[in-house]
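So this one's entry_21.txt, compact mmCIF, C-alpha atoms and all ligand atoms:
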# COMPACT_ATOMS: atom_id res chain seq x y z
CA MET A 1 -46.79 -31.02 164.60
CA SER A 2 -49.56 -28.48 165.05
CA LYS A 3 -53.28 -29.27 165.10
CA LYS A 4 -53.46 -27.14 161.96
CA SER A 5 -51.60 -29.82 159.99
CA THR A 6 -54.12 -32.52 160.98
CA VAL A 7 -57.50 -33.09 159.36
CA HIS A 8 -60.03 -35.62 160.56
CA ALA A 9 -63.32 -37.24 159.56
CA LYS A 10 -65.55 -40.17 160.54
CA LEU A 11 -64.50 -43.58 159.20
CA PRO A 12 -67.01 -46.41 159.64
CA THR A 13 -65.27 -49.78 159.13
CA LYS A 14 -66.23 -53.41 159.45
CA TRP A 15 -64.55 -53.26 162.87
CA GLY A 16 -66.60 -50.29 164.05
CA HIS A 17 -66.63 -46.53 163.86
CA PHE A 18 -63.25 -44.81 163.90
CA THR A 19 -62.15 -41.23 163.38
CA ILE A 20 -59.44 -40.97 160.75
CA TYR A 21 -56.75 -38.35 161.26
CA ALA A 22 -54.58 -37.51 158.25
CA LEU A 23 -51.36 -35.79 159.10
CA GLU A 24 -49.29 -33.55 156.92
CA LYS A 25 -46.06 -31.81 157.80
CA SER A 26 -44.85 -34.68 159.97
CA CYS A 27 -41.12 -34.75 160.80
CA ASP A 28 -40.35 -37.05 157.83
CA GLY A 29 -42.62 -35.22 155.36
CA LYS A 30 -44.92 -38.20 154.71
CA GLU A 31 -48.73 -38.32 154.92
CA HIS A 32 -49.29 -40.63 157.89
CA VAL A 33 -52.67 -41.65 159.23
CA ALA A 34 -54.16 -42.41 162.63
CA LEU A 35 -57.44 -44.28 163.20
CA ALA A 36 -58.90 -43.52 166.60
CA MET A 37 -61.80 -44.85 168.62
CA GLY A 38 -63.05 -43.48 171.95
CA GLU A 39 -61.57 -40.83 174.23
CA LEU A 40 -57.84 -40.36 173.66
CA ASP A 41 -56.64 -38.12 176.45
CA GLN A 42 -57.87 -40.09 179.47
CA GLU A 43 -55.49 -41.13 182.26
CA GLU A 44 -56.17 -44.81 181.39
CA PRO A 45 -53.54 -46.18 178.91
CA LEU A 46 -54.67 -46.31 175.27
CA LEU A 47 -54.49 -49.59 173.32
CA ILE A 48 -52.49 -48.76 170.19
CA ARG A 49 -50.89 -50.35 167.14
CA ILE A 50 -48.07 -48.70 165.20
CA HIS A 51 -48.30 -50.32 161.78
CA SER A 52 -45.93 -49.72 158.87
CA GLU A 53 -47.53 -49.68 155.44
CA CYS A 54 -47.57 -52.96 153.55
CA LEU A 55 -49.50 -52.63 150.29
CA THR A 56 -49.08 -56.30 149.45
CA GLY A 57 -50.20 -57.57 152.85
CA ASP A 58 -52.69 -54.90 153.95
CA ALA A 59 -54.50 -54.44 150.61
CA PHE A 60 -53.80 -57.61 148.58
CA SER A 61 -53.86 -60.21 151.41
CA SER A 62 -50.36 -61.43 150.55
CA LEU A 63 -49.28 -64.53 152.45
CA ARG A 64 -45.56 -63.60 152.26
CA CYS A 65 -45.85 -61.61 155.51
CA ASP A 66 -48.10 -61.30 158.57
CA CYS A 67 -49.04 -57.63 158.04
CA GLY A 68 -52.67 -57.93 156.89
CA PRO A 69 -53.82 -60.27 159.69
CA GLN A 70 -51.98 -58.14 162.28
CA LEU A 71 -53.73 -54.98 161.11
CA GLU A 72 -57.15 -56.64 161.14
CA ALA A 73 -56.54 -58.19 164.56
CA ALA A 74 -55.45 -54.84 165.97
CA MET A 75 -58.55 -53.04 164.64
CA LYS A 76 -60.75 -55.82 166.01
CA LYS A 77 -59.13 -55.66 169.47
CA ILE A 78 -59.58 -51.88 169.59
CA SER A 79 -63.24 -52.20 168.66
CA GLU A 80 -63.74 -54.87 171.35
CA VAL A 81 -62.25 -52.53 173.97
CA GLY A 82 -64.10 -49.54 172.46
CA ARG A 83 -61.05 -47.29 172.70
CA GLY A 84 -57.68 -47.21 170.96
CA MET A 85 -55.66 -46.09 167.98
CA ILE A 86 -53.92 -47.43 164.88
CA VAL A 87 -50.99 -45.24 163.83
CA TYR A 88 -50.50 -46.19 160.18
CA LEU A 89 -47.06 -45.13 159.02
CA ARG A 90 -46.22 -44.68 155.35
CA GLN A 91 -43.09 -46.77 155.73
CA GLU A 92 -43.60 -49.33 152.97
CA GLY A 93 -41.08 -52.17 152.95
CA ARG A 94 -39.62 -51.38 156.40
CA GLY A 95 -38.86 -47.93 155.03
CA ILE A 96 -37.25 -48.84 151.67
CA GLY A 97 -40.37 -48.17 149.56
CA LEU A 98 -42.57 -50.38 147.42
CA VAL A 99 -40.33 -50.82 144.38
CA ASN A 100 -37.36 -51.77 146.53
CA LYS A 101 -39.52 -54.15 148.57
CA ILE A 102 -40.46 -55.95 145.36
CA ARG A 103 -36.73 -56.02 144.46
CA ALA A 104 -36.14 -57.57 147.88
CA TYR A 105 -38.91 -60.11 147.26
CA ALA A 106 -37.24 -61.07 143.98
CA LEU A 107 -33.97 -61.71 145.86
CA GLN A 108 -35.92 -63.76 148.41
CA ASP A 109 -37.41 -65.77 145.54
CA GLU A 110 -33.76 -66.68 144.75
CA GLY A 111 -33.09 -67.87 148.30
CA GLN A 112 -32.00 -64.82 150.30
CA ASP A 113 -33.76 -64.03 153.56
CA THR A 114 -35.54 -60.73 154.23
CA VAL A 115 -32.51 -59.21 156.01
CA GLU A 116 -29.92 -60.36 153.44
CA ALA A 117 -32.08 -58.98 150.63
CA ASN A 118 -32.29 -55.52 152.22
CA ILE A 119 -28.56 -55.43 152.86
CA ASN A 120 -27.68 -56.60 149.36
CA LEU A 121 -29.81 -53.74 148.01
CA GLY A 122 -27.78 -51.27 150.07
CA PHE A 123 -30.27 -50.68 152.91
CA GLN A 124 -30.27 -51.38 156.60
CA ALA A 125 -32.05 -54.57 157.67
CA ASP A 126 -34.75 -52.26 159.04
CA HIS A 127 -34.68 -48.81 157.48
CA ARG A 128 -37.40 -47.26 159.69
CA SER A 129 -37.37 -44.66 162.45
CA PHE A 130 -40.36 -44.64 164.79
CA GLU A 131 -39.74 -41.07 165.97
CA VAL A 132 -42.64 -39.94 163.80
CA ALA A 133 -45.03 -42.31 165.64
CA ALA A 134 -44.21 -40.61 168.94
CA GLU A 135 -44.70 -37.23 167.29
CA ILE A 136 -48.16 -38.26 166.07
CA LEU A 137 -49.19 -39.67 169.47
CA THR A 138 -48.07 -36.52 171.24
CA SER A 139 -49.90 -34.29 168.75
CA LEU A 140 -53.10 -36.25 169.51
CA ASN A 141 -52.58 -35.96 173.29
CA VAL A 142 -51.70 -39.64 173.80
CA SER A 143 -48.97 -40.16 176.40
CA LYS A 144 -49.67 -43.55 178.00
CA VAL A 145 -50.17 -46.68 175.89
CA LYS A 146 -50.51 -50.44 175.67
CA LEU A 147 -48.64 -51.26 172.47
CA MET A 148 -49.66 -54.16 170.23
CA THR A 149 -46.41 -55.37 168.68
CA ASN A 150 -43.79 -58.12 168.62
CA ASN A 151 -41.07 -55.62 167.73
CA PRO A 152 -38.85 -54.47 170.61
CA ARG A 153 -37.63 -51.44 168.57
CA LYS A 154 -41.11 -49.94 168.56
CA VAL A 155 -41.33 -50.17 172.36
CA GLU A 156 -37.86 -48.63 172.80
CA ALA A 157 -38.57 -45.80 170.35
CA LEU A 158 -41.73 -44.72 172.16
CA GLN A 159 -40.05 -44.93 175.56
CA GLU A 160 -37.13 -42.82 174.31
CA ALA A 161 -39.67 -40.22 173.19
CA ASN A 162 -41.26 -40.14 176.68
CA ILE A 163 -44.39 -42.07 175.75
CA ASP A 164 -45.21 -44.32 178.70
CA VAL A 165 -45.52 -47.91 177.36
CA VAL A 166 -47.23 -49.62 180.29
CA GLU A 167 -47.59 -52.95 178.47
CA ARG A 168 -46.50 -54.69 175.26
CA VAL A 169 -49.42 -56.70 173.89
CA PRO A 170 -48.19 -59.58 171.65
CA LEU A 171 -49.75 -59.63 168.17
CA GLN A 172 -49.04 -63.02 166.63
CA TYR A 173 -51.42 -63.58 163.72
CA GLY A 174 -51.24 -64.79 160.15
CA ARG A 175 -48.53 -67.47 160.30
CA ASN A 176 -48.79 -69.69 157.21
CA PRO A 177 -46.52 -71.94 155.12
CA HIS A 178 -45.49 -69.01 152.87
CA ASN A 179 -44.20 -66.78 155.69
CA GLU A 180 -42.56 -69.36 158.00
CA ASP A 181 -39.02 -68.41 156.91
CA TYR A 182 -39.81 -64.69 156.98
CA LEU A 183 -41.11 -64.92 160.56
CA SER A 184 -38.18 -67.02 161.74
CA THR A 185 -35.75 -64.46 160.23
CA LYS A 186 -37.62 -61.67 162.04
CA HIS A 187 -37.22 -63.65 165.26
CA GLY A 188 -33.61 -64.69 164.69
CA LYS A 189 -32.09 -61.61 163.04
CA LEU A 190 -34.40 -58.71 163.93
CA GLY A 191 -35.15 -59.75 167.53
CA HIS A 192 -38.92 -59.96 167.28
CA PHE A 193 -40.74 -61.69 170.13
CA LEU A 194 -42.26 -64.58 168.17
CA ASP A 195 -42.97 -68.16 169.25
CA GLN A 196 -41.03 -70.55 167.04
N1 LIG B 201 -37.94 -54.78 153.01
C1 LIG B 201 -38.92 -55.65 153.28
N2 LIG B 201 -40.02 -55.22 153.91
C2 LIG B 201 -40.99 -56.12 154.18
C3 LIG B 201 -40.90 -57.47 153.82
N3 LIG B 201 -42.03 -58.09 154.22
C4 LIG B 201 -42.80 -57.14 154.82
N4 LIG B 201 -42.17 -55.96 154.79
C5 LIG B 201 -42.55 -54.68 155.40
O1 LIG B 201 -42.32 -54.81 156.78
C6 LIG B 201 -43.11 -53.86 157.46
C7 LIG B 201 -43.79 -54.58 158.64
O2 LIG B 201 -44.38 -53.59 159.43
P1 LIG B 201 -45.00 -53.84 160.87
O3 LIG B 201 -45.87 -55.06 160.85
O4 LIG B 201 -45.59 -52.54 161.32
O5 LIG B 201 -43.71 -54.04 161.78
P2 LIG B 201 -42.93 -55.21 162.37
O6 LIG B 201 -41.50 -54.79 162.42
O7 LIG B 201 -43.26 -56.49 161.66
O8 LIG B 201 -43.41 -55.29 163.89
P3 LIG B 201 -44.78 -55.80 164.56
O9 LIG B 201 -45.70 -56.22 163.44
O10 LIG B 201 -45.29 -54.60 165.29
O11 LIG B 201 -44.42 -56.90 165.45
C8 LIG B 201 -44.07 -53.27 156.45
O12 LIG B 201 -43.57 -51.99 156.06
C9 LIG B 201 -43.97 -54.23 155.27
O13 LIG B 201 -44.19 -53.61 154.02
C10 LIG B 201 -39.71 -57.91 153.17
O14 LIG B 201 -39.50 -59.07 152.86
N5 LIG B 201 -38.76 -56.96 152.92
Encoding of this model in structure tokens:
Amino acid sequence: MSKKSTVHAKLPTKWGHFTIYALEKSCDGKEHVALAMGELDQEEPLLIRIHSECLTGDAFSSLRCDCGPQLEAAMKKISEVGRGMIVYLRQEGRGIGLVNKIRAYALQDEGQDTVEANINLGFQADHRSFEVAAEILTSLNVSKVKLMTNNPRKVEALQEANIDVVERVPLQYGRNPHNEDYLSTKHGKLGHFLDQ
């Protein structure tokens, strides 16, 4: 991705002042976003979060998942350190899109778990590729990171793309009675590092 396909502007937030980078012409053709604070291309590893879009959790504070609290916690941690980046990927519903995620929620309302619902709709349990995250990091001169995640696939994907993940920083926030089963399925079937 060339610098030409990236535009940026200041973005003051309740967690401090970020620069927002909007990316076009990424390898999957979607308009992804990165929120950055501080110097990016230092030798010191950058604290980052790769976050897949979740309209229901990020914007509407849904309690069905842990997405909203994870995003807030990650922005807060970056502002405490004064340096870091959120890579916000337009991968709604683990890559199946919003309408299909709501279809999957309807199946979960009938008793299926989050993995069964995806599979019964004809998708993989997790339909995402994180190749684009590595592409975005590289285009912004980030090569060494501390990654806030509980998802081993994100760590592996960055390492495969030659991003040096010096540390995985656990990000366990937002557990509540409505997402207990969802989180235990993520732990049991998707291999997430989550305390049970
Ligand atoms: N298909 C589907 N997607 C869901 C469901 N609940 C949440 N999501 C999506 O799951 C994704 C979660 O993204 P992330 O929080 O970045 O990723 P993660 O795999 O949970 O990993 P970490 O949060 O980094 O530990 C978002 O795209 C949500 O929209 C669900 O029940 N079904």
Atom C10 of ligand LIG 201 (chain B) to CA of Ser184 (chain A), distance in Å rounded to a single decimal: 12.6 Å
Counting all atoms listed in the file, the residue of A:Ala9, A:Ala157, A:Val115, A:Ile163 that sits nearest Thr138 (chain A):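 The shortest atom-to-atom distance to Thr138 (chain A) comes from A:Ile163.
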Interatomic distance, atom O11 of ligand LIG 201 (chain B) to CA of Ser79 (chain A) (Å, one decimal):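 The value is 19.7 Å.
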Around all the atoms of region 121-136 of chain A listed in the file, draw an axis-aligned box and extend it by 8 Å on each of the six sides; I want its centre and edge lengths in Å to one decimal, as lines of an AutoDock Vina configuration file.
center_x = -38.0
center_y = -45.9
center_z = 158.5
size_x = 36.4
size_y = 33.3
size_z = 36.9
Test item: residues at most 8 Å from His192 (chain A), all atoms listed in the file, excluding those fewer than 4 positions along its chain, as a ChimeraX atom specification: /A:150-152,186-188
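Distances from A:Ser143, A:Asn176, A:Gln196, A:Gln91 to ligand LIG 201 (chain B) were compared using only C-alpha atoms and all ligand atoms, and the smallest one belongs to A:Gln91.
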For Cys54 (chain A): contacts at 7 Å, only C-alpha atoms, fewer than 6 positions along chain excluded, given as an mmCIF file with C-alpha atoms, keeping the file's coordinate frame:
data_model
loop_
_atom_site.group_PDB
_atom_site.id
_atom_site.type_symbol
_atom_site.label_atom_id
_atom_site.label_comp_id
_atom_site.auth_asym_id
_atom_site.auth_seq_id
_atom_site.Cartn_x
_atom_site.Cartn_y
_atom_site.Cartn_z
ATOM 1 C CA CYS A 67 -49.040 -57.630 158.040
ATOM 2 C CA GLU A 92 -43.600 -49.330 152.970
ATOM 3 C CA GLY A 93 -41.080 -52.170 152.950
#
Gap from CA of Ala161 (chain A) to CA of Arg83 (chain A) - Å, one decimal: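 So the answer is 22.5 Å.
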Shortest interatomic distance to ligand LIG 201 (chain B) - which of A:Tyr173, A:Phe60, A:Tyr105, A:Trp15, counting all atoms listed in the file: A:Tyr105
Residue nearest ligand LIG 201 (chain B) among A:Ile20, A:Leu171, A:Leu63, A:Leu121 (counting only C-alpha atoms and all ligand atoms):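 Answer, going by the shortest atom-to-atom distance: A:Leu171.
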Option closest in space to Glu180 (chain A), from A:Glu31, A:Glu39, A:Glu24, A:Asp66 [counting all atoms listed in the file]: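 Checking each candidate against Glu180 (chain A), we get A:Asp66 as the closest.
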Nearest to ligand LIG 201 (chain B), chosen from A:Gly68, A:Gly84, A:Pro177, A:Gly38, with only C-alpha atoms and all ligand atoms counted in the distances: A:Gly68
Residue list as a list in words for point (-55.6, -56.2, 155.8), cut-off 7 Å, all atoms listed in the file: Gly57, Asp58, Ala59, Ser61, Gly68, Pro69, Leu71 and Glu72 of chain A
Spatial neighbours of Arg103 (chain A), max dist 9 Å, only C-alpha atoms, sep filter under 4 positions, as a count of residues only: 7
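All protein, DNA and RNA residues at most 12 Å from (-65.2, -46.9, 160.3) are Ala9, Lys10, Leu11, Pro12, Thr13, Lys14, Trp15, Gly16, His17, Phe18, Thr19, Ile20, Leu35, Ala36, Met37, Met75, Lys76, Ile78 and Ser79 of chain A, using only C-alpha atoms.
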